[in-house]
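Structure file data39.tsv (TSV, C-alpha atoms and all ligand atoms) is printed below.
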chain	number	residue	atom	x	y	z
A	1	MET	CA	-43.51	12.40	-29.22
A	2	ALA	CA	-41.48	9.31	-30.11
A	3	GLU	CA	-38.77	11.57	-31.48
A	4	VAL	CA	-38.56	13.52	-28.23
A	5	TYR	CA	-38.11	10.26	-26.33
A	6	PHE	CA	-35.49	9.11	-28.80
A	7	SER	CA	-33.42	12.27	-28.51
A	8	PHE	CA	-33.80	12.27	-24.72
A	9	PHE	CA	-32.46	8.72	-24.42
A	10	SER	CA	-29.72	9.20	-26.97
A	11	LEU	CA	-28.60	12.29	-25.07
A	12	LEU	CA	-28.66	10.27	-21.86
A	13	LEU	CA	-26.35	7.77	-23.51
A	14	LEU	CA	-24.27	10.34	-25.33
A	15	ILE	CA	-23.10	12.12	-22.18
A	16	PRO	CA	-21.50	9.08	-20.47
A	17	LEU	CA	-20.16	7.82	-23.78
A	18	SER	CA	-18.42	11.11	-24.49
A	19	ILE	CA	-17.03	11.18	-20.93
A	20	LEU	CA	-15.70	7.66	-21.54
A	21	LEU	CA	-14.12	8.74	-24.81
A	22	VAL	CA	-12.51	11.81	-23.26
A	23	LEU	CA	-11.13	9.70	-20.40
A	24	TYR	CA	-9.83	7.13	-22.89
A	25	LEU	CA	-7.88	9.91	-24.55
A	26	ILE	CA	-6.61	11.80	-21.51
A	27	VAL	CA	-5.90	9.48	-18.57
A	28	ARG	CA	-2.20	9.55	-17.67
A	29	PRO	CA	0.16	7.93	-17.03
A	30	LYS	CA	-0.48	5.38	-19.78
A	31	THR	CA	-0.94	1.73	-18.83
A	32	VAL	CA	2.17	-0.37	-18.31
A	33	ARG	CA	3.13	-3.96	-17.46
A	34	VAL	CA	5.89	-4.44	-14.91
A	35	PRO	CA	7.47	-7.88	-15.34
A	36	ILE	CA	8.55	-9.88	-12.29
A	37	LYS	CA	10.24	-12.97	-13.76
A	38	ASN	CA	14.05	-12.87	-13.67
A	39	ARG	CA	13.99	-9.41	-12.13
A	40	HIS	CA	15.42	-8.16	-8.88
A	41	VAL	CA	12.64	-7.60	-6.34
A	42	PHE	CA	13.78	-5.99	-3.07
A	43	ILE	CA	11.26	-6.28	-0.22
A	44	THR	CA	11.61	-4.57	3.15
A	45	GLY	CA	9.87	-6.18	6.08
A	46	GLY	CA	10.12	-9.38	4.05
A	47	SER	CA	10.74	-11.59	7.08
A	48	SER	CA	7.16	-11.51	8.38
A	49	GLY	CA	3.48	-11.15	7.49
A	50	ILE	CA	2.54	-9.48	4.21
A	51	GLY	CA	6.17	-8.96	3.13
A	52	LEU	CA	7.04	-12.62	3.64
A	53	ALA	CA	3.92	-13.76	1.76
A	54	LEU	CA	4.84	-11.42	-1.11
A	55	ALA	CA	8.44	-12.70	-1.10
A	56	HIS	CA	7.13	-16.27	-1.52
A	57	LEU	CA	4.90	-15.20	-4.43
A	58	CYS	CA	7.70	-13.28	-6.18
A	59	ALA	CA	10.14	-16.19	-5.79
A	60	GLN	CA	7.46	-18.54	-7.15
A	61	SER	CA	7.07	-16.22	-10.13
A	62	GLY	CA	10.80	-16.53	-10.86
A	63	ALA	CA	12.09	-13.27	-9.40
A	64	ASP	CA	15.47	-12.77	-7.72
A	65	VAL	CA	14.32	-11.73	-4.29
A	66	SER	CA	16.18	-9.69	-1.64
A	67	LEU	CA	14.77	-9.13	1.82
A	68	LEU	CA	15.60	-6.44	4.36
A	69	ALA	CA	14.54	-6.34	8.03
A	70	ARG	CA	16.24	-5.91	11.40
A	71	ASN	CA	16.16	-9.33	13.06
A	72	PRO	CA	18.75	-11.65	11.38
A	73	ALA	CA	17.24	-14.85	12.84
A	74	ARG	CA	13.81	-14.11	11.34
A	75	LEU	CA	15.47	-13.21	8.01
A	76	GLU	CA	17.30	-16.52	7.96
A	77	GLU	CA	14.09	-18.36	8.74
A	78	ALA	CA	12.36	-16.58	5.84
A	79	GLN	CA	15.26	-17.43	3.55
A	80	LYS	CA	15.00	-21.11	4.46
A	81	SER	CA	11.21	-21.27	4.08
A	82	ILE	CA	11.37	-19.68	0.60
A	83	LYS	CA	14.17	-22.04	-0.48
A	84	LEU	CA	12.13	-24.99	0.74
A	85	ALA	CA	8.93	-23.85	-0.95
A	86	THR	CA	10.33	-22.61	-4.28
A	87	GLY	CA	13.91	-23.89	-4.54
A	88	ARG	CA	15.13	-20.33	-5.03
A	89	ASP	CA	17.92	-18.56	-3.18
A	90	VAL	CA	17.01	-15.30	-1.55
A	91	SER	CA	19.49	-12.64	-0.37
A	92	VAL	CA	18.87	-11.17	3.06
A	93	PHE	CA	20.07	-7.93	4.63
A	94	SER	CA	19.82	-7.01	8.26
A	95	ALA	CA	19.35	-3.25	8.67
A	96	ASP	CA	17.07	-0.77	10.37
A	97	VAL	CA	15.33	1.49	7.82
A	98	ARG	CA	15.84	4.37	10.26
A	99	ASP	CA	19.60	4.11	9.65
A	100	TYR	CA	20.29	5.64	6.22
A	101	ASP	CA	23.90	4.46	6.01
A	102	ALA	CA	22.90	0.88	6.81
A	103	VAL	CA	20.11	1.01	4.21
A	104	LYS	CA	22.46	2.44	1.57
A	105	CYS	CA	25.03	-0.25	2.33
A	106	ALA	CA	22.46	-3.05	1.98
A	107	VAL	CA	20.96	-1.64	-1.23
A	108	GLU	CA	24.41	-1.24	-2.82
A	109	GLU	CA	25.39	-4.77	-1.87
A	110	ALA	CA	22.13	-6.15	-3.24
A	111	GLY	CA	22.75	-4.60	-6.69
A	112	PRO	CA	20.40	-2.67	-9.02
A	113	ILE	CA	16.74	-3.14	-8.13
A	114	ASP	CA	13.87	-3.50	-10.63
A	115	VAL	CA	10.99	-3.63	-8.16
A	116	LEU	CA	11.39	-1.96	-4.78
A	117	VAL	CA	8.71	-2.90	-2.25
A	118	CYS	CA	8.71	-0.62	0.81
A	119	ASN	CA	6.60	-2.83	3.02
A	120	HIS	CA	8.29	-2.43	6.43
A	121	GLY	CA	6.02	-0.85	8.97
A	122	VAL	CA	5.16	-0.53	12.64
A	123	TYR	CA	1.80	0.19	14.22
A	124	VAL	CA	1.12	0.89	17.86
A	125	PRO	CA	-2.41	2.19	18.19
A	126	GLN	CA	-3.30	4.51	21.05
A	127	GLU	CA	-5.09	7.79	21.65
A	128	LEU	CA	-2.73	10.71	20.97
A	129	GLU	CA	-3.14	12.06	24.48
A	130	GLU	CA	-2.11	8.73	26.05
A	131	GLN	CA	0.64	7.85	23.60
A	132	GLU	CA	4.27	8.61	24.46
A	133	LEU	CA	5.94	11.05	22.06
A	134	GLU	CA	8.66	8.50	21.56
A	135	GLU	CA	6.16	6.02	20.13
A	136	ILE	CA	4.67	8.65	17.84
A	137	LYS	CA	8.12	9.51	16.48
A	138	PHE	CA	8.93	5.82	16.17
A	139	MET	CA	6.02	5.28	13.74
A	140	ILE	CA	6.84	8.38	11.69
A	141	ASP	CA	10.53	7.47	11.60
A	142	VAL	CA	10.06	3.86	10.52
A	143	ASN	CA	7.02	4.16	8.26
A	144	LEU	CA	7.65	7.52	6.60
A	145	THR	CA	11.29	8.55	7.00
A	146	GLY	CA	12.42	4.93	6.57
A	147	THR	CA	10.67	4.83	3.19
A	148	PHE	CA	12.47	8.04	2.14
A	149	HIS	CA	15.78	6.43	3.14
A	150	LEU	CA	15.06	3.37	1.09
A	151	ILE	CA	13.96	5.19	-2.05
A	152	LYS	CA	16.85	7.69	-1.85
A	153	ALA	CA	19.30	4.81	-1.59
A	154	ALA	CA	17.74	2.66	-4.32
A	155	LEU	CA	16.76	5.22	-6.97
A	156	PRO	CA	20.18	5.79	-8.64
A	157	GLY	CA	20.60	2.05	-9.21
A	158	MET	CA	17.00	1.67	-10.35
A	159	LYS	CA	17.39	4.42	-12.96
A	160	LYS	CA	20.59	3.00	-14.44
A	161	ASN	CA	19.98	1.21	-17.78
A	162	ARG	CA	16.23	1.36	-17.18
A	163	ALA	CA	15.60	1.87	-20.92
A	164	GLU	CA	17.10	-1.55	-21.73
A	165	LYS	CA	15.66	-3.28	-18.69
A	166	GLY	CA	12.02	-2.23	-19.16
A	167	PRO	CA	9.58	-0.79	-16.62
A	168	GLY	CA	10.58	-0.65	-12.95
A	169	SER	CA	8.36	-0.23	-9.92
A	170	ILE	CA	8.38	1.35	-6.48
A	171	ALA	CA	5.58	-0.14	-4.39
A	172	ILE	CA	4.70	1.28	-1.00
A	173	MET	CA	2.63	-0.54	1.62
A	174	SER	CA	0.18	1.97	3.02
A	175	SER	CA	-3.02	0.90	4.81
A	176	GLN	CA	-6.71	1.77	4.65
A	177	ALA	CA	-5.75	3.92	7.65
A	178	GLY	CA	-3.70	5.87	5.08
A	179	GLN	CA	-6.90	6.72	3.19
A	180	VAL	CA	-9.12	7.64	6.12
A	181	GLY	CA	-8.16	8.73	9.64
A	182	ILE	CA	-9.27	6.31	12.34
A	183	TYR	CA	-9.59	6.52	16.13
A	184	GLY	CA	-6.36	5.40	17.81
A	185	TYR	CA	-4.25	5.87	14.67
A	186	THR	CA	-3.23	9.55	14.79
A	187	ALA	CA	0.49	8.80	14.36
A	188	TYR	CA	0.03	5.72	12.21
A	189	SER	CA	-2.49	7.38	9.88
A	190	ALA	CA	-0.25	10.45	9.61
A	191	SER	CA	2.70	8.27	8.61
A	192	LYS	CA	0.61	6.43	6.02
A	193	PHE	CA	-1.08	9.57	4.64
A	194	GLY	CA	2.44	10.97	4.28
A	195	LEU	CA	3.35	8.07	2.02
A	196	LYS	CA	0.56	9.08	-0.35
A	197	GLY	CA	2.03	12.56	-0.82
A	198	LEU	CA	5.44	11.02	-1.33
A	199	ALA	CA	4.12	8.58	-3.94
A	200	GLU	CA	2.08	11.13	-5.91
A	201	ALA	CA	4.96	13.61	-6.11
A	202	LEU	CA	7.56	10.94	-6.85
A	203	GLN	CA	5.47	9.52	-9.70
A	204	HIS	CA	5.79	12.88	-11.47
A	205	GLU	CA	9.54	12.81	-10.97
A	206	VAL	CA	10.30	9.26	-12.12
A	207	ILE	CA	7.76	8.65	-14.90
A	208	ALA	CA	10.34	9.75	-17.49
A	209	ASP	CA	12.68	7.07	-16.11
A	210	ASN	CA	10.04	4.37	-16.73
A	211	ILE	CA	9.55	3.81	-12.98
A	212	HIS	CA	5.99	3.30	-11.76
A	213	LEU	CA	4.55	3.83	-8.29
A	214	SER	CA	2.01	1.60	-6.57
A	215	LEU	CA	0.43	2.45	-3.22
A	216	ILE	CA	-1.15	-0.57	-1.56
A	217	PHE	CA	-4.01	-0.19	0.92
A	218	PRO	CA	-4.71	-3.35	2.96
A	219	PRO	CA	-7.41	-3.64	5.63
A	220	ASP	CA	-6.66	-5.50	8.90
A	221	THR	CA	-4.51	-8.46	7.90
A	222	GLU	CA	-3.67	-11.57	9.90
A	223	THR	CA	0.09	-11.27	10.51
A	224	PRO	CA	2.44	-11.58	13.49
A	225	GLY	CA	2.46	-7.78	13.71
A	226	PHE	CA	-1.34	-7.65	13.79
A	227	ALA	CA	-1.45	-10.24	16.59
A	228	GLU	CA	0.82	-7.95	18.63
A	229	GLU	CA	-1.26	-4.89	17.76
A	230	ASN	CA	-4.43	-6.60	18.97
A	231	LYS	CA	-3.03	-6.99	22.46
A	232	ARG	CA	-3.35	-3.27	23.04
A	233	ARG	CA	-5.70	-1.90	20.41
A	234	PRO	CA	-8.34	0.49	21.78
A	235	GLU	CA	-11.84	-1.01	21.50
A	236	LEU	CA	-13.03	1.84	19.27
A	237	THR	CA	-10.15	1.27	16.85
A	238	SER	CA	-11.26	-2.33	16.44
A	239	ILE	CA	-14.92	-1.36	16.07
A	240	ILE	CA	-14.20	1.15	13.31
A	241	ALA	CA	-11.60	-1.01	11.54
A	242	ALA	CA	-14.13	-3.86	11.48
A	243	SER	CA	-16.03	-1.86	8.79
A	244	SER	CA	-13.54	-3.33	6.35
A	245	GLY	CA	-13.20	-6.88	7.72
A	246	ALA	CA	-9.91	-8.77	7.77
A	247	MET	CA	-7.78	-10.54	5.21
A	248	LYS	CA	-5.05	-13.17	5.16
A	249	ALA	CA	-1.48	-12.13	4.38
A	250	ASP	CA	-1.43	-14.38	1.28
A	251	GLU	CA	-4.51	-12.67	-0.15
A	252	VAL	CA	-3.05	-9.20	0.41
A	253	ALA	CA	0.25	-10.31	-1.13
A	254	LEU	CA	-1.54	-11.57	-4.25
A	255	LYS	CA	-3.47	-8.30	-4.68
A	256	SER	CA	-0.22	-6.40	-4.14
A	257	LEU	CA	1.66	-8.38	-6.78
A	258	LYS	CA	-1.14	-7.95	-9.33
A	259	GLY	CA	-1.26	-4.22	-8.59
A	260	ILE	CA	2.51	-3.90	-9.04
A	261	GLN	CA	2.52	-5.90	-12.28
A	262	SER	CA	-0.26	-3.78	-13.77
A	263	GLY	CA	1.42	-0.54	-12.65
A	264	THR	CA	-1.74	0.43	-10.75
A	265	PHE	CA	-1.24	3.56	-8.64
A	266	MET	CA	-3.85	2.95	-5.92
A	267	VAL	CA	-4.10	-0.75	-5.14
A	268	PRO	CA	-7.12	-1.73	-3.00
A	269	CYS	CA	-7.27	-5.24	-1.52
A	270	ASN	CA	-10.96	-5.95	-0.85
A	271	LEU	CA	-14.41	-4.63	-1.82
A	272	GLU	CA	-14.43	-1.97	0.92
A	273	GLY	CA	-10.94	-1.02	-0.25
A	274	PHE	CA	-12.21	-0.59	-3.80
A	275	LEU	CA	-15.00	1.71	-2.54
A	276	LEU	CA	-12.47	3.65	-0.45
A	277	ALA	CA	-10.18	4.04	-3.47
A	278	VAL	CA	-13.04	5.45	-5.54
A	279	ALA	CA	-14.19	7.72	-2.69
A	280	THR	CA	-10.67	9.09	-2.09
A	281	ALA	CA	-9.52	9.24	-5.73
A	282	GLY	CA	-9.15	13.03	-5.53
A	283	LEU	CA	-6.28	14.10	-7.79
A	284	SER	CA	-4.42	10.79	-7.76
A	285	PRO	CA	-3.05	9.45	-11.02
A	286	GLN	CA	-5.28	6.85	-12.71
A	287	ARG	CA	-4.04	4.76	-15.65
A	288	SER	CA	-7.26	2.88	-16.37
A	289	TYR	CA	-9.89	4.85	-18.29
A	290	LEU	CA	-12.53	2.36	-17.12
A	291	TYR	CA	-11.74	2.92	-13.43
A	292	ALA	CA	-11.52	6.65	-14.16
A	293	PHE	CA	-15.01	6.40	-15.65
A	294	VAL	CA	-16.33	4.72	-12.49
A	295	GLU	CA	-14.67	7.45	-10.37
A	296	VAL	CA	-16.22	10.26	-12.42
A	297	MET	CA	-19.71	8.76	-12.65
A	298	THR	CA	-20.02	7.78	-8.98
A	299	ALA	CA	-18.20	10.72	-7.32
A	300	GLY	CA	-21.36	12.20	-5.74
A	301	ILE	CA	-22.85	8.96	-4.51
A	302	MET	CA	-19.47	7.84	-3.11
A	303	ARG	CA	-19.24	11.05	-1.09
A	304	LEU	CA	-22.69	10.23	0.27
A	305	ALA	CA	-21.54	6.69	1.15
A	306	GLY	CA	-18.48	8.14	2.89
A	307	LEU	CA	-20.68	10.44	4.98
A	308	VAL	CA	-22.87	7.48	5.93
A	309	PHE	CA	-19.75	5.66	7.16
A	310	GLN	CA	-18.70	8.74	9.17
A	311	TRP	CA	-22.21	8.94	10.66
A	312	ASN	CA	-21.92	5.30	11.68
A	313	TRP	CA	-18.43	5.78	13.18
A	314	PHE	CA	-19.34	8.91	15.14
A	315	SER	CA	-22.44	7.08	16.44
A	316	SER	CA	-20.20	4.24	17.68
A	317	ILE	CA	-17.90	6.76	19.38
A	318	GLU	CA	-20.87	8.50	21.01
A	319	LYS	CA	-22.32	5.19	22.21
A	320	TRP	CA	-18.98	4.07	23.57
A	321	HIS	CA	-18.57	7.30	25.60
A	322	SER	CA	-22.09	7.18	27.01
A	323	LYS	CA	-21.52	3.54	28.08
A	324	LYS	CA	-18.42	4.52	30.10
A	401	LIG	N1	-1.33	-6.41	9.34
A	401	LIG	C1	-2.20	-5.42	9.13
A	401	LIG	O1	-3.30	-5.40	9.70
A	401	LIG	C2	-1.87	-4.34	8.17
A	401	LIG	C3	-0.57	-4.01	7.82
A	401	LIG	N2	-0.33	-2.97	6.96
A	401	LIG	C4	1.04	-2.60	6.63
A	401	LIG	O2	1.69	-3.67	5.99
A	401	LIG	C5	3.07	-3.69	6.30
A	401	LIG	C6	3.47	-5.04	6.83
A	401	LIG	O3	2.69	-5.33	7.96
A	401	LIG	P1	2.68	-6.77	8.65
A	401	LIG	O4	2.99	-7.80	7.67
A	401	LIG	O5	1.44	-6.82	9.45
A	401	LIG	O6	3.88	-6.56	9.67
A	401	LIG	P2	4.74	-7.53	10.62
A	401	LIG	O7	4.87	-6.83	11.91
A	401	LIG	O8	4.22	-8.91	10.59
A	401	LIG	O9	6.14	-7.46	9.88
A	401	LIG	C7	6.82	-6.24	9.79
A	401	LIG	C8	8.09	-6.42	8.99
A	401	LIG	O10	8.78	-5.16	8.94
A	401	LIG	C9	10.09	-5.29	9.48
A	401	LIG	N3	10.47	-4.06	10.15
A	401	LIG	C10	9.83	-3.45	11.18
A	401	LIG	N4	10.51	-2.37	11.58
A	401	LIG	C11	11.60	-2.28	10.79
A	401	LIG	C12	12.70	-1.38	10.74
A	401	LIG	N5	12.80	-0.35	11.57
A	401	LIG	N6	13.66	-1.59	9.80
A	401	LIG	C13	13.57	-2.64	8.96
A	401	LIG	N7	12.57	-3.52	8.97
A	401	LIG	C14	11.59	-3.35	9.87
A	401	LIG	C15	9.96	-6.48	10.44
A	401	LIG	O11	11.18	-7.14	10.71
A	401	LIG	P3	12.10	-6.77	12.01
A	401	LIG	O12	11.16	-6.58	13.16
A	401	LIG	O13	13.02	-7.92	12.15
A	401	LIG	O14	12.80	-5.52	11.62
A	401	LIG	C16	9.04	-7.40	9.64
A	401	LIG	O15	9.76	-8.09	8.64
A	401	LIG	C17	3.28	-2.53	7.28
A	401	LIG	O16	3.74	-1.41	6.56
A	401	LIG	C18	1.89	-2.26	7.82
A	401	LIG	O17	1.74	-0.95	8.24
A	401	LIG	C19	-1.35	-2.26	6.40
A	401	LIG	C20	-2.64	-2.55	6.69
A	401	LIG	C21	-3.01	-3.60	7.59
A	402	LIG	C1	-17.16	5.25	0.94
A	402	LIG	C2	-16.81	3.86	1.15
A	402	LIG	C3	-16.17	3.54	2.45
A	402	LIG	C4	-15.73	2.11	2.49
A	402	LIG	C5	-15.47	1.49	3.84
A	402	LIG	C6	-14.38	2.08	4.61
A	402	LIG	C7	-13.86	1.19	5.68
A	402	LIG	C8	-12.65	1.76	6.34
A	402	LIG	C9	-12.06	0.90	7.38
A	402	LIG	C10	-10.64	1.24	7.65
A	402	LIG	C11	-9.91	0.16	8.34
A	402	LIG	C12	-8.48	0.50	8.60
A	402	LIG	C13	-7.69	-0.70	9.06
A	402	LIG	C14	-6.25	-0.38	9.17
A	402	LIG	C15	-5.45	-1.63	9.40
A	402	LIG	C16	-4.07	-1.35	9.79
A	402	LIG	O1	-3.34	-0.71	9.09
A	402	LIG	C17	-3.72	-1.88	11.12
A	402	LIG	N1	-4.03	-3.26	11.26
A	402	LIG	C18	-2.32	-1.64	11.42
A	402	LIG	O2	-1.56	-2.08	10.41

Give the structure from this file in structure tokens form.
Amino acid sequence: MAEVYFSFFSLLLLIPLSILLVLYLIVRPKTVRVPIKNRHVFITGGSSGIGLALAHLCAQSGADVSLLARNPARLEEAQKSIKLATGRDVSVFSADVRDYDAVKCAVEEAGPIDVLVCNHGVYVPQELEEQELEEIKFMIDVNLTGTFHLIKAALPGMKKNRAEKGPGSIAIMSSQAGQVGIYGYTAYSASKFGLKGLAEALQHEVIADNIHLSLIFPPDTETPGFAEENKRRPELTSIIAASSGAMKADEVALKSLKGIQSGTFMVPCNLEGFLLAVATAGLSPQRSYLYAFVEVMTAGIMRLAGLVFQWNWFSSIEKWHSKK
């Protein structure tokens, strides 16, 4: 009898242990450290919110920082605040990411980039039926096509002498609305989901060049852009987004920097974000065999948790309609 118990429990242990061992051997790409100190970090949307907070952190860590955004006055203000806080000079470039020639010009002037952070983004929530086509295209053009422009322009310089310079990074600011579709975000979610396809495919293409992708997924974050968004956000959008709480721009910037430095592909920012990342892991690359282990072992239960969230969201939608 005792022997039966023994073999039962050792089998119970053996299965996860062998899964762990297999994952240890097979997860790709391999882990990497992306240094920040004395390296050229180029941040779009670096004049406000999350991008500005990240620019401060990178400058503090000894990086040569370049910022790109449209409004020159806000860029200058960012430049001054970073100089004041860290003593470091930051280069600024005024360009619209929708204008490929302007982006190319700025990127060439800035010089070869080690860490490219595509953080620029616009979000105007509204039901698809109400929203003007122009606004829908605006979000796709800035968030998705703008990111293509940036990467196309920066990649040749990033690849040059990469072997001597060590690992490089392309980080893309998505959103939790880029992991799950949410009421009021049809265009925004589409633009952010698009970035995931871009990042997964691009990681295959640039791994041999020692360039590493990070996709960052913040929840609602207190920024000037978010304050604007709140003026016209549909009530249901706020109700559903509240499932993940809100963060400060500094906190999101810190998570982003850590994710970039550790070459993490999917970078969550809070606990709900971690659960979302596990639930939506799908066929995304995973460098950490430990996280891979969590993904494999909890896949079923995470699907159940996801369905519970959907049940809750559809109940809110139903309640909201019956109240009207
Ligand atoms: N705040 C939030 O709740 C969340 C934000 N995110 C994402 O994080 C990123 C940053 O958001 P946040 O800090 O809130 O944004 P802000 O609105 O505070 O800042 C946006 C930045 O992007 C720049 N930008 C906007 N449009 C363009 C353009 N066409 N060309 C060049 N630069 C542009 C802005 O400068 P200028 O206007 O001068 O061009 C500004 O520097 C976005 O991608 C957003 O989608 C993700 C999840 C949550
Ligand atoms: C199975 C586990 C599930 C875990 C919980 C899921 C919670 C999802 C909430 C999504 C919130 C999306 C906010 C988008 C913020 C944003 O991007 C705007 N502020 C505009 O930028």

Which chain A residues have any atom within 8 Å of an atom of ligand LIG 401 (chain A), and for each, what is the nearest pair of atoms with distance in Å to one decimal, counting only C-alpha atoms and all ligand atoms, rows sorted by chain and number, as a tab-separated table?
residue	atom	partner	partner_atom	distance
A:Thr44	CA	A:LIG401	N7	6.0
A:Gly45	CA	A:LIG401	O15	3.2
A:Gly46	CA	A:LIG401	O15	4.8
A:Ser47	CA	A:LIG401	O15	4.0
A:Ser48	CA	A:LIG401	O15	4.3
A:Gly49	CA	A:LIG401	O4	3.4
A:Ile50	CA	A:LIG401	O4	3.9
A:Gly51	CA	A:LIG401	O4	5.7
A:Leu52	CA	A:LIG401	O15	7.3
A:Leu68	CA	A:LIG401	N7	6.2
A:Ala69	CA	A:LIG401	N7	3.6
A:Arg70	CA	A:LIG401	O14	3.5
A:Asn71	CA	A:LIG401	O13	3.6
A:Pro72	CA	A:LIG401	O13	6.9
A:Arg74	CA	A:LIG401	O13	6.3
A:Leu75	CA	A:LIG401	O13	7.2
A:Ser94	CA	A:LIG401	C13	7.7
A:Ala95	CA	A:LIG401	C13	5.8
A:Asp96	CA	A:LIG401	N6	3.6
A:Val97	CA	A:LIG401	N6	4.0
A:Arg98	CA	A:LIG401	N5	5.8
A:Cys118	CA	A:LIG401	O16	7.6
A:Asn119	CA	A:LIG401	O16	4.8
A:His120	CA	A:LIG401	O10	3.7
A:Gly121	CA	A:LIG401	O16	3.4
A:Val122	CA	A:LIG401	O17	5.6
A:Tyr123	CA	A:LIG401	O17	6.1
A:Val142	CA	A:LIG401	N5	5.1
A:Asn143	CA	A:LIG401	O16	6.7
A:Gly146	CA	A:LIG401	N5	7.3
A:Met173	CA	A:LIG401	O16	5.1
A:Ser174	CA	A:LIG401	C19	5.6
A:Ser175	CA	A:LIG401	C19	3.9
A:Gln176	CA	A:LIG401	C20	6.3
A:Ala177	CA	A:LIG401	C20	7.2
A:Tyr188	CA	A:LIG401	O17	7.9
A:Lys192	CA	A:LIG401	O17	7.8
A:Phe217	CA	A:LIG401	C20	6.4
A:Pro218	CA	A:LIG401	C20	4.3
A:Pro219	CA	A:LIG401	C21	4.8
A:Asp220	CA	A:LIG401	O1	3.5
A:Thr221	CA	A:LIG401	O1	3.8
A:Glu222	CA	A:LIG401	N1	5.7
A:Thr223	CA	A:LIG401	O8	4.8
A:Pro224	CA	A:LIG401	O8	4.3
A:Gly225	CA	A:LIG401	O7	3.2
A:Phe226	CA	A:LIG401	N1	4.6
A:Glu228	CA	A:LIG401	O7	7.9
A:Ala246	CA	A:LIG401	O1	7.7
A:Ala249	CA	A:LIG401	O4	7.0

Tell me, as JSON, numbers by chain, which residues lie within 10 Å of Phe193 (chain A), counting all atoms listed in the file; anything in the same chain fewer than 2 positions away does not count.
{"A": [144, 174, 175, 176, 177, 178, 179, 180, 181, 187, 188, 189, 190, 191, 195, 196, 197, 198]}

How many Å lie between CA of Ala305 (chain A) and CA of Val267 (chain A), rounded to one decimal?
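CA of Val267 (chain A) lies 20.0 Å from CA of Ala305 (chain A).
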
Surrounding residues of Lys159 (chain A) excluding itself and chain neighbours under 6 positions, 10 Å, only C-alpha atoms, as a PyMOL selection string
chain A and resi 112-114+165+168+206+208-211

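Residues near the point (25.0, -1.4, -1.5), at a distance of 12 Å or less over only C-alpha atoms, make up A:Phe93, A:Ala95, A:Tyr100, A:Asp101, A:Ala102, A:Val103, A:Lys104, A:Cys105, A:Ala106, A:Val107, A:Glu108, A:Glu109, A:Ala110, A:Gly111, A:Pro112, A:Ile113, A:Leu150, A:Ala153, A:Ala154, A:Leu155, A:Pro156, A:Gly157.
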
Would you list the contacts of Val115 (chain A) as a ChimeraX atom specification, taking every protein, DNA or RNA residue within 8 Å and counting all atoms listed in the file, but skipping same-chain residues closer than 4 positions in sequence?
/A:36,39-42,168-171

Counting only C-alpha atoms and all ligand atoms, which residue out of A:Leu271, A:Ile317, A:Met266, A:Ala241 sits closest to ligand LIG 402 (chain A)?
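Among the listed residues, the smallest separation from ligand LIG 402 (chain A) belongs to A:Ala241.
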
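Residue neighbourhood of Trp320 (chain A), excluding near-sequence residues (fewer than 2 positions): Pro234, Glu235, Leu236, Thr237, Ile239, Ile240, Trp313, Phe314, Ser315, Ser316, Ile317, Glu318, Ser322, Lys323 and Lys324 of chain A, at 12 Å, using all atoms listed in the file.
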
Let me make sure I understand: among A:Phe148, A:Phe274, A:Tyr5, A:Tyr24, which one has the smallest atom-to-atom distance to ligand LIG 402 (chain A) if we use all atoms listed in the file?
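Of A:Phe148, A:Phe274, A:Tyr5, A:Tyr24, the one nearest ligand LIG 402 (chain A) is A:Phe274, counting all atoms listed in the file.
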
Could you work out how far atom C11 of ligand LIG 402 (chain A) lies from CA of Pro125 (chain A), giving the answer in Å with one decimal?
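Between CA of Pro125 (chain A) and atom C11 of ligand LIG 402 (chain A) the gap works out to 12.5 Å.
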
Could you please determine the separation between CA of Tyr183 (chain A) and CA of Val308 (chain A) in Å, to one decimal place?
16.8 Å

Compile the contact shell of Thr280 (chain A) as a list in words: residues with an atom at most 10 Å away, counting all atoms listed in the file, same-chain residues fewer than 3 positions apart removed.
Gln179, Val180, Met266, Phe274, Leu275, Leu276, Ala277, Leu283, Ser284, Glu295, Ala299, Met302, Arg303 and Gly306 of chain A

Between A:Met297, A:Met139, A:Leu25, A:Ile151, single out the one closest to ligand LIG 402 (chain A), counting all atoms listed in the file.
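Looking at the shortest contact to ligand LIG 402 (chain A), the residue is A:Met139.
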
As JSON, what would the box around ligand LIG 402 (chain A) look like: edges along x, y and z, 6 Å added on every side, centre and edge lengths in Å to one decimal?
{"center_x": -9.4, "center_y": 1.0, "center_z": 6.2, "size_x": 27.6, "size_y": 20.5, "size_z": 22.5}

Up to 12 Å from (1.9, -9.2, -8.4) in the file's coordinates: name the residues, counting all atoms listed in the file, as a ChimeraX atom specification.
/A:33-37,41,53-63,115,117,169,171,214,216,250-264,267
